[in-house]
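Peer 1: What follows is query-v5.txt, compact mmCIF, C-alpha atoms.
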```
# COMPACT_ATOMS: atom_id res chain seq x y z
CA MET A 1 0.00 0.00 0.00
CA ILE A 2 2.68 2.45 1.04
CA ALA A 3 4.68 1.39 -2.03
CA ILE A 4 1.82 2.40 -4.34
CA ILE A 5 1.35 5.67 -2.48
CA GLY A 6 5.10 6.30 -2.84
CA LEU A 7 4.92 5.71 -6.60
CA ALA A 8 1.99 8.11 -6.90
CA VAL A 9 3.79 10.72 -4.79
CA GLY A 10 6.89 10.42 -7.00
CA VAL A 11 4.91 10.84 -10.23
CA ILE A 12 2.99 13.83 -8.90
CA ALA A 13 6.20 15.42 -7.59
CA GLY A 14 7.80 14.96 -11.00
CA LEU A 15 4.79 16.56 -12.69
CA LEU A 16 4.68 19.50 -10.29
CA ILE A 17 8.38 20.26 -9.95
CA THR A 18 9.55 19.45 -13.50
CA PRO A 19 13.24 20.05 -12.90
CA ASP A 20 15.58 20.14 -15.85
CA VAL A 21 17.86 17.16 -16.23
CA PRO A 22 21.43 18.46 -15.82
CA LEU A 23 23.39 18.35 -19.03
CA TRP A 24 26.13 16.00 -17.80
CA MET A 25 23.42 13.55 -16.72
CA GLN A 26 21.53 13.54 -20.01
CA PRO A 27 23.14 10.45 -21.57
CA TYR A 28 22.83 8.34 -18.38
CA PHE A 29 19.44 9.39 -17.15
CA PRO A 30 17.21 7.25 -19.39
CA ILE A 31 19.44 4.20 -18.80
CA ALA A 32 19.23 4.75 -15.07
CA VAL A 33 15.44 4.95 -15.25
CA VAL A 34 15.25 1.68 -17.17
CA ALA A 35 17.65 0.04 -14.70
CA ALA A 36 15.47 1.21 -11.83
CA LEU A 37 12.41 -0.21 -13.55
CA ASP A 38 14.25 -3.52 -13.89
CA ALA A 39 14.97 -3.48 -10.16
CA VAL A 40 11.31 -2.75 -9.41
CA PHE A 41 10.08 -5.66 -11.51
CA GLY A 42 12.74 -7.89 -9.98
CA GLY A 43 11.48 -6.92 -6.53
CA LEU A 44 7.89 -7.64 -7.50
CA ARG A 45 8.87 -11.07 -8.76
CA ALA A 46 10.80 -11.79 -5.56
CA LEU A 47 7.74 -10.81 -3.57
CA LEU A 48 5.61 -13.27 -5.49
CA ASP A 49 8.29 -15.93 -5.09
CA GLY A 50 8.17 -15.31 -1.36
CA ILE A 51 11.81 -14.38 -1.14
CA PHE A 52 11.45 -10.56 -1.08
CA ASP A 53 13.84 -8.74 1.17
CA ASP A 54 13.85 -4.98 1.43
CA LYS A 55 17.61 -4.78 1.92
CA VAL A 56 18.24 -6.84 -1.21
CA PHE A 57 15.75 -4.70 -3.09
CA ALA A 58 17.38 -1.43 -2.05
CA VAL A 59 20.87 -2.68 -2.83
CA SER A 60 19.86 -4.10 -6.19
CA PHE A 61 18.02 -0.88 -7.01
CA PHE A 62 21.01 1.36 -6.45
CA SER A 63 23.58 -1.04 -7.89
CA ASN A 64 21.47 -1.48 -11.03
CA VAL A 65 21.25 2.25 -11.56
CA LEU A 66 24.92 2.88 -10.85
CA ILE A 67 26.20 0.00 -12.96
CA ALA A 68 24.00 0.95 -15.92
CA ALA A 69 25.20 4.54 -15.74
CA ALA A 70 28.81 3.41 -15.29
CA ILE A 71 28.64 1.15 -18.34
CA VAL A 72 27.29 3.95 -20.49
CA TYR A 73 29.93 6.33 -19.12
CA LEU A 74 32.65 3.80 -19.91
CA GLY A 75 31.22 3.36 -23.41
CA ASP A 76 31.23 7.11 -23.93
CA GLN A 77 34.88 7.28 -22.90
CA LEU A 78 35.71 4.44 -25.29
CA GLY A 79 33.76 6.02 -28.14
CA VAL A 80 31.12 3.29 -28.30
CA GLY A 81 28.62 5.01 -26.02
CA SER A 82 25.64 4.70 -28.31
CA GLN A 83 26.24 0.99 -28.98
CA LEU A 84 26.80 0.20 -25.32
CA SER A 85 23.70 2.06 -24.19
CA THR A 86 21.73 0.12 -26.80
CA GLY A 87 23.22 -3.08 -25.38
CA VAL A 88 22.36 -2.13 -21.81
CA ILE A 89 18.81 -1.28 -22.82
CA VAL A 90 18.47 -4.62 -24.59
CA VAL A 91 19.75 -6.56 -21.58
CA LEU A 92 17.53 -4.67 -19.16
CA GLY A 93 14.60 -5.11 -21.50
CA ILE A 94 15.14 -8.86 -21.60
CA ARG A 95 15.33 -8.99 -17.80
CA ILE A 96 12.15 -6.98 -17.47
CA PHE A 97 10.40 -9.30 -19.89
CA ALA A 98 11.58 -12.37 -17.95
CA ASN A 99 10.48 -10.88 -14.62
CA VAL A 100 7.10 -9.85 -16.01
CA ALA A 101 6.67 -13.37 -17.41
CA ALA A 102 7.36 -14.87 -13.96
CA ILE A 103 4.96 -12.40 -12.31
CA ARG A 104 2.31 -13.30 -14.87
CA ARG A 105 2.73 -17.01 -14.15
CA HIS A 106 2.31 -16.36 -10.41
CA LEU A 107 -0.72 -14.14 -10.69
CA LEU A 108 -2.58 -15.76 -13.60
CA ASN A 109 -1.14 -19.28 -13.34
CA ALA A 110 -0.45 -19.03 -17.06
CA MET B 1 12.07 -5.19 15.18
CA PRO B 2 9.92 -3.67 17.91
CA ASP B 3 8.41 -0.89 15.88
CA GLN B 4 7.05 -3.28 13.35
CA VAL B 5 3.27 -3.56 13.42
CA GLU B 6 3.19 -6.39 10.92
CA PRO B 7 0.64 -8.93 12.02
CA SER B 8 2.42 -12.03 13.16
CA LYS B 9 0.53 -14.26 10.83
CA PRO B 10 2.36 -17.06 9.13
CA GLU B 11 3.64 -16.31 5.63
CA PRO B 12 0.82 -17.01 3.14
CA ARG B 13 1.48 -19.97 0.92
CA SER B 14 0.19 -18.67 -2.39
CA ALA B 15 1.57 -15.79 -4.41
CA ARG B 16 -1.84 -14.12 -4.56
CA GLY B 17 -2.06 -14.30 -0.82
CA ARG B 18 1.28 -12.59 -0.47
CA VAL B 19 0.20 -9.80 -2.83
CA ARG B 20 -3.01 -9.34 -0.90
CA ARG B 21 -1.08 -9.14 2.32
CA VAL B 22 1.33 -6.55 0.92
CA LEU B 23 -1.54 -4.40 -0.35
CA ARG B 24 -3.03 -4.12 3.08
CA PRO B 25 -2.22 -0.72 4.67
CA TYR B 26 0.29 -1.34 7.38
CA LEU B 27 3.62 0.13 8.24
CA SER B 28 6.80 -1.89 7.95
CA ARG B 29 10.38 -1.06 7.11
CA GLY B 30 10.08 -2.98 3.87
CA GLN B 31 6.98 -1.07 2.83
CA VAL B 32 8.64 2.26 3.58
CA VAL B 33 11.84 1.40 1.70
CA VAL B 34 9.92 0.18 -1.31
CA GLY B 35 7.66 3.21 -1.19
CA VAL B 36 10.60 5.62 -1.14
CA LEU B 37 12.37 3.84 -3.96
CA LEU B 38 9.21 3.68 -6.06
CA ALA B 39 8.73 7.38 -5.45
CA VAL B 40 12.28 7.92 -6.75
CA VAL B 41 11.57 5.77 -9.82
CA GLY B 42 8.31 7.55 -10.58
CA PHE B 43 9.95 10.91 -10.14
CA LEU B 44 12.90 10.08 -12.39
CA ALA B 45 10.69 8.52 -15.06
CA VAL B 46 8.36 11.50 -15.19
CA VAL B 47 11.27 13.95 -15.27
CA GLN B 48 12.89 12.03 -18.09
CA VAL B 49 9.67 11.81 -20.10
CA ARG B 50 9.02 15.50 -19.67
CA SER B 51 12.56 16.53 -20.56
CA GLN B 52 12.23 14.35 -23.63
CA ASN B 53 9.06 16.20 -24.61
CA ASP B 54 10.42 19.60 -23.68
CA THR B 55 13.54 19.54 -25.77
CA ASP B 56 13.70 19.60 -29.52
CA GLU B 57 12.40 16.17 -30.41
CA ASP B 58 14.64 15.72 -33.42
CA PHE B 59 17.92 16.23 -31.60
CA ALA B 60 17.32 15.27 -27.97
CA GLY B 61 18.37 11.65 -28.43
CA ALA B 62 21.06 12.33 -30.99
CA ARG B 63 24.65 11.60 -30.04
CA ARG B 64 27.59 13.81 -30.69
CA GLU B 65 28.60 12.12 -33.96
CA ASP B 66 25.06 12.40 -35.33
CA LEU B 67 24.90 16.03 -34.34
CA LEU B 68 28.23 16.69 -36.05
CA GLN B 69 26.91 14.95 -39.16
CA LEU B 70 23.78 17.08 -39.06
CA LEU B 71 25.88 20.18 -38.61
CA ASP B 72 28.03 19.23 -41.58
CA ASN B 73 24.94 18.70 -43.70
CA LEU B 74 23.57 22.06 -42.67
CA ASP B 75 26.92 23.69 -43.41
CA SER B 76 27.08 22.29 -46.91
CA ALA B 77 23.44 23.18 -47.50
CA ALA B 78 24.22 26.72 -46.38
CA ALA B 79 27.24 26.80 -48.69
CA ARG B 80 25.10 25.61 -51.58
CA ALA B 81 22.48 28.25 -50.81
CA GLU B 82 25.23 30.86 -50.65
CA ALA B 83 26.56 29.82 -54.05
CA GLU B 84 23.02 29.94 -55.41
CA ILE B 85 22.59 33.44 -54.04
CA GLN B 86 25.78 34.63 -55.70
CA ASN B 87 24.75 32.98 -58.93
CA LEU B 88 21.40 34.71 -58.90
CA GLN B 89 22.90 38.05 -57.92
CA ALA B 90 25.34 37.83 -60.81
CA ARG B 91 22.45 36.98 -63.13
CA ARG B 92 20.43 39.88 -61.76
CA ASP B 93 23.33 42.29 -62.28
CA GLU B 94 23.79 40.97 -65.78
CA LEU B 95 20.12 41.46 -66.59
CA ARG B 96 20.17 44.91 -65.03
CA GLY B 97 23.19 45.81 -67.17
CA THR B 98 21.43 44.53 -70.26
CA THR B 99 18.37 46.59 -69.40
CA ASP B 100 20.52 49.67 -68.91
CA ARG B 101 22.20 49.16 -72.25
CA ARG B 102 18.86 48.61 -73.94
CA THR B 103 17.46 51.74 -72.34
CA ALA B 104 20.47 53.73 -73.46
CA ALA B 105 20.21 52.34 -76.97
CA LEU B 106 16.50 53.14 -77.04
CA GLU B 107 17.11 56.72 -75.91
CA GLU B 108 19.83 57.12 -78.51
CA ALA B 109 17.51 55.73 -81.18
CA GLN B 110 14.73 58.09 -80.15
CA ARG B 111 17.15 61.01 -80.27
CA GLN B 112 18.20 59.92 -83.76
CA VAL B 113 14.57 59.65 -84.83
CA LYS B 114 13.92 63.23 -83.76
CA LEU B 115 17.07 64.51 -85.43
CA LEU B 116 16.37 62.70 -88.67
CA GLY B 117 12.72 63.74 -88.48
CA LEU B 118 13.81 67.36 -88.36
CA LEU B 119 16.32 66.90 -91.16
CA SER B 120 13.88 65.11 -93.41
CA GLY B 121 11.04 67.49 -92.66
CA ALA B 122 8.86 64.80 -91.12
CA LEU B 123 8.54 66.55 -87.75
CA PRO B 124 7.38 70.12 -87.01
CA ALA B 125 10.06 72.36 -85.55
CA GLU B 126 10.19 75.43 -83.36
CA GLY B 127 12.90 77.74 -82.14
CA ARG B 128 14.62 81.08 -82.70
CA GLY B 129 15.37 82.17 -86.23
CA ILE B 130 14.54 84.76 -88.87
CA GLU B 131 11.62 85.52 -91.11
CA VAL B 132 12.54 86.85 -94.56
CA THR B 133 9.77 88.46 -96.57
CA ILE B 134 10.40 89.03 -100.28
CA ASN B 135 7.99 91.44 -101.91
CA ASP B 136 7.99 91.07 -105.65
CA PRO B 137 5.41 93.35 -107.30
CA SER B 138 6.86 92.78 -110.78
CA GLY B 139 6.91 89.01 -110.51
CA ALA B 140 10.54 88.92 -111.55
CA VAL B 141 11.90 86.95 -108.65
CA GLY B 142 12.49 83.41 -109.83
CA VAL B 143 13.88 80.13 -108.73
CA ASP B 144 17.49 81.30 -109.08
CA THR B 145 17.03 84.00 -106.50
CA LEU B 146 15.17 81.74 -104.12
CA ILE B 147 17.76 79.00 -104.40
CA ASN B 148 20.38 81.61 -103.73
CA ALA B 149 18.53 82.65 -100.58
CA LEU B 150 18.03 79.05 -99.43
CA GLU B 151 21.69 78.17 -99.99
CA GLU B 152 22.80 81.15 -97.97
CA LEU B 153 20.46 80.20 -95.16
CA ARG B 154 21.80 76.64 -95.22
CA ASN B 155 25.38 77.86 -95.18
CA ALA B 156 24.56 80.05 -92.20
CA GLY B 157 23.36 76.99 -90.32
CA ALA B 158 19.58 77.05 -90.75
CA GLU B 159 18.20 73.83 -89.34
CA ALA B 160 14.61 73.96 -90.59
CA ILE B 161 13.18 76.08 -93.40
CA GLN B 162 9.67 76.61 -94.73
CA ILE B 163 8.24 78.95 -97.34
CA ASN B 164 4.90 80.73 -97.02
CA GLY B 165 3.99 78.41 -94.16
CA ARG B 166 3.10 75.74 -96.75
CA VAL B 167 6.26 74.09 -98.01
CA ARG B 168 9.06 72.58 -95.97
CA ILE B 169 12.44 72.87 -97.64
CA VAL B 170 14.43 69.62 -97.42
CA ALA B 171 17.29 68.06 -99.33
CA GLN B 172 14.98 66.68 -102.01
CA SER B 173 12.89 69.83 -102.55
CA ARG B 174 12.36 70.68 -106.23
CA LEU B 175 11.92 74.27 -107.36
CA GLU B 176 10.33 75.24 -110.66
CA ASP B 177 9.53 78.55 -112.36
CA LEU B 178 5.91 79.31 -113.17
CA ASP B 179 4.48 82.26 -115.15
CA SER B 180 3.36 84.01 -112.03
CA GLY B 181 5.29 82.59 -109.12
CA ILE B 182 7.13 79.40 -108.47
CA MET B 183 6.29 75.81 -107.71
CA ILE B 184 8.05 73.91 -104.94
CA ASP B 185 7.33 70.19 -104.53
CA ASP B 186 4.11 70.49 -106.59
CA VAL B 187 2.85 73.40 -104.49
CA GLU B 188 2.27 76.68 -106.35
CA LEU B 189 3.50 79.73 -104.48
CA ARG B 190 2.91 83.36 -105.32
CA PRO B 191 4.68 86.44 -104.04
CA PRO B 192 5.26 87.69 -101.49
CA TYR B 193 7.46 84.88 -100.39
CA VAL B 194 7.91 84.44 -96.64
CA ILE B 195 10.86 82.27 -95.70
CA ASP B 196 10.95 81.02 -92.09
CA ALA B 197 14.33 79.63 -91.03
CA ILE B 198 15.30 78.26 -87.60
CA GLY B 199 18.89 78.87 -86.63
CA ASP B 200 21.03 81.51 -84.99
CA PRO B 201 19.08 84.73 -85.83
CA TYR B 202 22.16 86.94 -86.01
CA THR B 203 24.14 84.66 -88.30
CA LEU B 204 21.14 84.06 -90.53
CA GLY B 205 20.41 87.79 -90.73
CA ARG B 206 24.01 88.56 -91.72
CA ALA B 207 23.85 85.85 -94.36
CA MET B 208 20.89 87.58 -96.00
CA LEU B 209 22.78 90.84 -96.28
CA ILE B 210 26.05 89.75 -97.87
CA PRO B 211 27.03 91.81 -100.90
CA GLY B 212 25.99 90.32 -104.21
CA GLY B 213 23.54 88.12 -102.39
CA MET B 214 19.82 87.56 -102.53
CA LYS B 215 18.89 91.01 -101.25
CA GLU B 216 20.71 92.78 -104.09
CA ASP B 217 19.23 90.36 -106.63
CA VAL B 218 15.72 91.16 -105.47
CA GLU B 219 16.29 94.89 -105.31
CA ALA B 220 17.68 94.77 -108.82
CA VAL B 221 14.21 93.81 -110.05
CA GLN B 222 12.39 96.40 -107.92
CA GLY B 223 11.52 94.01 -105.16
CA THR B 224 12.03 94.57 -101.45
CA VAL B 225 13.35 92.33 -98.77
CA GLN B 226 12.32 92.54 -95.14
CA ILE B 227 14.28 90.57 -92.54
CA ASP B 228 12.81 89.99 -89.07
CA GLN B 229 14.95 88.34 -86.45
CA VAL B 230 12.77 86.29 -84.13
CA THR B 231 14.58 85.94 -80.84
CA ASP B 232 11.99 86.44 -78.12
CA THR B 233 9.36 83.95 -79.24
CA ASP B 234 9.68 80.65 -80.98
CA LEU B 235 9.28 80.51 -84.71
CA GLN B 236 6.84 77.74 -85.57
CA ILE B 237 7.59 75.59 -88.60
CA ASP B 238 4.76 73.17 -89.08
CA ALA B 239 4.77 72.47 -92.79
CA LEU B 240 5.86 68.88 -93.28
CA TYR B 241 7.61 67.12 -96.11
CA SER B 242 6.24 63.68 -96.83
CA SER B 243 9.02 61.66 -98.38
CA PRO B 244 7.98 59.31 -101.19
CA GLU B 245 8.53 55.57 -100.91
CA GLN B 246 12.12 54.62 -101.57
CA GLU B 247 11.80 52.43 -104.60
CA TYR B 248 15.41 51.69 -105.48
CA ALA B 249 17.50 52.61 -102.49
CA SER B 250 17.63 50.47 -99.39
CA PRO B 251 19.96 50.82 -96.41
CA ALA B 252 23.30 49.07 -96.93
CA ASP B 253 24.44 46.65 -94.23
CA GLU B 254 26.06 48.52 -91.42
CA THR B 255 29.51 47.33 -90.54
CA ASP B 256 29.63 48.56 -86.98
CA ASN B 257 27.22 48.95 -84.05
```
Any chance you could put this one into structure tokens?
Peer 2:
Amino acid sequence: MIAIIGLAVGVIAGLLITPDVPLWMQPYFPIAVVAALDAVFGGLRALLDGIFDDKVFAVSFFSNVLIAAAIVYLGDQLGVGSQLSTGVIVVLGIRIFANVAAIRRHLLNA
Amino acid sequence: MPDQVEPSKPEPRSARGRVRRVLRPYLSRGQVVVGVLLAVVGFLAVVQVRSQNDTDEDFAGARREDLLQLLDNLDSAAARAEAEIQNLQARRDELRGTTDRRTAALEEAQRQVKLLGLLSGALPAEGRGIEVTINDPSGAVGVDTLINALEELRNAGAEAIQINGRVRIVAQSRLEDLDSGIMIDDVELRPPYVIDAIGDPYTLGRAMLIPGGMKEDVEAVQGTVQIDQVTDTDLQIDALYSSPEQEYASPADETDN
């Protein structure tokens, strides 16, 4: 319940405040958001599996975001930033799909 | 965890049961952590979506190389447009020059038309000049005397000449003696003869008075000559000479211009 309220509060805050994304963050921001989404779906799946742990969730959340951003940063330094961010997005997308599939099996038994 | 108000029920066995339990409003550390993190996710996602919509959609996602490529394309497009502009400006200048030359040529041609019109007697003329009246009661003044007078006027620079307001004297004018008077270009004239000539009045007047000239000829046959210099008003010469069709002569090819 509090989790859903938190999500709503975050969305509303984003709509009301509308801060500008700092320029140096621009390349990493969307990747970080996708990584965070991956962490959220992973947490939801763990909950349904009965192995949810808030500490694990928090750690995985932050490490996901940081690693995704770090990979893109490294790619930018190496000159393959666009390819690497595509790769990261693909990997995260696959993970999200897998998690959502597991959640679906739990909830719908299908 | 003493502050935890989680009911000390056993963990539900089914996944749906666990979801139902989580959705119940109760305070636990896990719920708070997840809530805060979800708030962060929602916030970041919304900010990102809005920044994506705010910025120029075409270039927001573009990377540096793409932007450089775009910039290059724009540069070359600008260069092409610049070259086009110079091309068109050169063309415009060229056309303007052509127009100027055509205008100048047209003005020159119109000037020539007026000049030739005056010379050939096709256009009326006006200006300062003299009026020579030859009274000839005895009818003894003939073509010789008149030709003498006309030649002297020409030599003195007369630019347009008419006689009795009816006949324009041009290069082709024919003079003929009649029993009582003369005939010029098929027009019969009787004395007194009034010659209007446009030119410098003083020079023309002097030309009429030279010794052994027309005046003495006329006075030798009891005629009188009256010379009026017209300087204040314009002498009007409106008799026209209509040149006949040129049957045999045609303009030769011009070698220049």
Peer 1: Mind pulling up the distance from atom CA of Asp185 of chain B to atom CA of Leu235 of chain B?
Peer 2: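 So the answer is 22.4 Å.
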Peer 1: Quick one: which residues from chain B are at most 10 Å off chain A, using all atoms listed in the file, as an MDAnalysis selection string?
Peer 2: chainID B and resid 11:52 54 60:65
Peer 1: Can you tell me, as a list in words, what residues are no more than 9 Å from segment 93-98 of chain A when counting only C-alpha atoms, ignoring any on the same chain fewer than 2 positions away?
Peer 2: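 Surrounding residues, per the criterion: Val34, Leu37, Asp38, Ala39, Phe41, Gly42, Val88, Ile89, Val90, Val91, Val100, Ala101, Ala102 and Ile103 of chain A.
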Peer 1: Residues at most 6 Å from Val72 of chain A, counting all atoms listed in the file, excluding those fewer than 3 positions away in the same chain, as a ChimeraX atom specification?
Peer 2: /A:69,75,81,85
Peer 1: For atom CA of Asn53 of chain B and atom CA of Met25 of chain A, quote the distance in Å rounded to one decimal.
Peer 2: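 Atom CA of Met25 of chain A lies 16.6 Å from atom CA of Asn53 of chain B.
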Peer 1: With 9 Å as the threshold, what does the neighbourhood of (13.8, 73.2, -99.6) contain in terms of residues, counting only C-alpha atoms? Coordinates are those of the file; answer as an NGL selection string.
Peer 2: :B and (147 or 150 or 161-163 or 167-175 or 184-185)
Peer 1: Please write as a PyMOL selection string the list of polymer residues whose atoms come within 10 Å of (22.7, 84.0, -84.0), counting all atoms listed in the file and keeping to the coordinates of the file.
Peer 2: chain B and resi 128-130+156-157+199-206+229+231
Peer 1: Which distance in Å separates atom CA of Asn135 of chain B and atom CA of Met208 of chain B, to one decimal?
Peer 2: 14.7 Å
